[in-house]
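Here the structure comes first, spelled out in structure tokens, and everything after it is commentary.
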Amino acid sequence: MPNSEKTEAIRDKGQAARPLDGFDRTILGELAVDAGLSYAELGSRAGLSAPAVHERVKRLRASGRIRGTVAVLDGPSTGKPFLAFVHVDATGWGKTKELLALSELPEVEEIHSVAGDACMLLKVRCASSRALEGLLARLYALPSVKATRSYVVLSTFLERTPQAGITEALEEDFPEPPLPASR
């Protein structure tokens with residue numbers, strides 16, 4: 001058994017993740033743009049040495065803040081230019097084994113439980129409208145699915161992974177709207 005497997009449970013036991021500092025956010029921000037950067041280049045951009053960055057990246061992975069390193073594929077270039085969001089109305093809460101089994105289809109990129117007028121939200125990327133129709137047919141074959149609403153993407157202006165930065169102003173109180181002028 002490798003040493004990391006022996007000590008993983010000990011390391012995680014009772015340790016609360018420390019808050020992210022500016023260095024961590026810089027490292028995460030750079031990795032979100034290009035996960036292939038060397039520790040030396042990350043250190044140069046963050047103002048730290050390569051060994052210090054390496055230790056921080058290890059901690060960020062151990063804490064779950066970095067869940068993995070993946071290649072971000074271009075949908076149209078991989079033969080799937082048809083992007084859609086599917087709202088699913090289902091009986092009960094909606095989260096069933098059958099519905100979650102759709103995650104096995106490579107066309108299904110995301111499945112979310114949501115609040116609002118639908119139970120579940122799926123992000124799907126298909127080869128064609130015909131393929132989307134086939135996916136919808138599979139959804140309707142599930143006993144818990146009552147209805148769907150599909151939103152086909154015409155153009156994408158921003159698509160990215162979670163970012164490390166936080167806009168503090170979004171947490172501030174909202175300004176009061178001005179009172180209407182009395183006549």
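By convention here, the chains of the structure tokens are called A, B, ... in the order presented, each chain's residues are numbered starting at 1, and ligands are numbered starting at 1 in the order presented.
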
(Q) Quick one: residues within 10 Å of Leu20 in chain A, only C-alpha atoms, excluding same-chain residues fewer than 5 positions away - as a VMD selection string? (A) chain A and resid 25 to 26 28 60 65 164

Could you pull the residues within 8 Å of Ser144 in chain A, counting only C-alpha atoms, minus those fewer than 2 positions along the same chain, as an mmCIF file with C-alpha atoms, in the first residue's frame?
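Output (selection-v4.cif):
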```cif
data_model
loop_
_atom_site.group_PDB
_atom_site.id
_atom_site.type_symbol
_atom_site.label_atom_id
_atom_site.label_comp_id
_atom_site.auth_asym_id
_atom_site.auth_seq_id
_atom_site.Cartn_x
_atom_site.Cartn_y
_atom_site.Cartn_z
ATOM 1 C CA ALA A 90 -40.649 14.629 -12.500
ATOM 2 C CA THR A 91 -42.819 13.119 -9.826
ATOM 3 C CA GLY A 92 -41.475 13.565 -6.334
ATOM 4 C CA GLY A 94 -36.911 13.940 -9.348
ATOM 5 C CA THR A 96 -33.948 8.837 -9.186
ATOM 6 C CA LEU A 142 -38.382 6.931 -17.384
ATOM 7 C CA LYS A 146 -43.644 14.012 -16.561
#
```

Any idea what's packed within 12 Å of Leu48 in chain A, counting only C-alpha atoms, ignoring anything in its chain fewer than 6 positions away? Could you give it as a PDB file with N, CA and C atoms, in the first residue's frame?
```
ATOM      1  N   GLY A  22      -4.567  35.047  -0.778  1.00  0.00           N
ATOM      2  CA  GLY A  22      -4.317  35.621  -2.092  1.00  0.00           C
ATOM      3  C   GLY A  22      -3.434  34.744  -2.964  1.00  0.00           C
ATOM      4  N   PHE A  23      -2.431  34.103  -2.363  1.00  0.00           N
ATOM      5  CA  PHE A  23      -1.555  33.210  -3.134  1.00  0.00           C
ATOM      6  C   PHE A  23      -2.347  32.018  -3.690  1.00  0.00           C
ATOM      7  N   ASP A  24      -3.196  31.424  -2.812  1.00  0.00           N
ATOM      8  CA  ASP A  24      -4.009  30.288  -3.248  1.00  0.00           C
ATOM      9  C   ASP A  24      -4.931  30.702  -4.401  1.00  0.00           C
ATOM     10  N   THR A  26      -4.532  33.121  -6.528  1.00  0.00           N
ATOM     11  CA  THR A  26      -3.738  33.348  -7.739  1.00  0.00           C
ATOM     12  C   THR A  26      -3.392  32.015  -8.393  1.00  0.00           C
ATOM     13  N   ILE A  27      -2.952  31.065  -7.593  1.00  0.00           N
ATOM     14  CA  ILE A  27      -2.599  29.740  -8.120  1.00  0.00           C
ATOM     15  C   ILE A  27      -3.818  29.092  -8.762  1.00  0.00           C
ATOM     16  N   TYR A  39       5.275  24.181 -11.999  1.00  0.00           N
ATOM     17  CA  TYR A  39       5.326  24.817 -10.682  1.00  0.00           C
ATOM     18  C   TYR A  39       6.209  26.058 -10.732  1.00  0.00           C
ATOM     19  N   ALA A  40       7.265  26.024 -11.540  1.00  0.00           N
ATOM     20  CA  ALA A  40       8.147  27.187 -11.661  1.00  0.00           C
ATOM     21  C   ALA A  40       7.386  28.368 -12.265  1.00  0.00           C
ATOM     22  N   GLU A  41       6.608  28.118 -13.322  1.00  0.00           N
ATOM     23  CA  GLU A  41       5.837  29.200 -13.951  1.00  0.00           C
ATOM     24  C   GLU A  41       4.733  29.695 -13.021  1.00  0.00           C
ATOM     25  N   LEU A  42       4.067  28.764 -12.341  1.00  0.00           N
ATOM     26  CA  LEU A  42       3.045  29.170 -11.359  1.00  0.00           C
ATOM     27  C   LEU A  42       3.672  30.025 -10.266  1.00  0.00           C
ATOM     28  N   HIS A  54       4.245  24.017  -5.179  1.00  0.00           N
ATOM     29  CA  HIS A  54       3.973  22.578  -5.183  1.00  0.00           C
ATOM     30  C   HIS A  54       3.253  22.166  -3.904  1.00  0.00           C
ATOM     31  N   GLU A  55       3.724  22.649  -2.757  1.00  0.00           N
ATOM     32  CA  GLU A  55       3.092  22.316  -1.474  1.00  0.00           C
ATOM     33  C   GLU A  55       1.663  22.847  -1.413  1.00  0.00           C
ATOM     34  N   ARG A  56       1.469  24.065  -1.894  1.00  0.00           N
ATOM     35  CA  ARG A  56       0.124  24.651  -1.889  1.00  0.00           C
ATOM     36  C   ARG A  56      -0.815  23.870  -2.802  1.00  0.00           C
TER      37      ARG A  56
END
```

Q: From a DSSP calculation on the backbone, collect every residue of chain A in strand (DSSP E) and output the set as number ranges by chain.
A: A: 82-90, 108-113, 120-126, 145-152

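You will find CA of Leu100 in chain A at 9.8 Å from CA of His112 in chain A.
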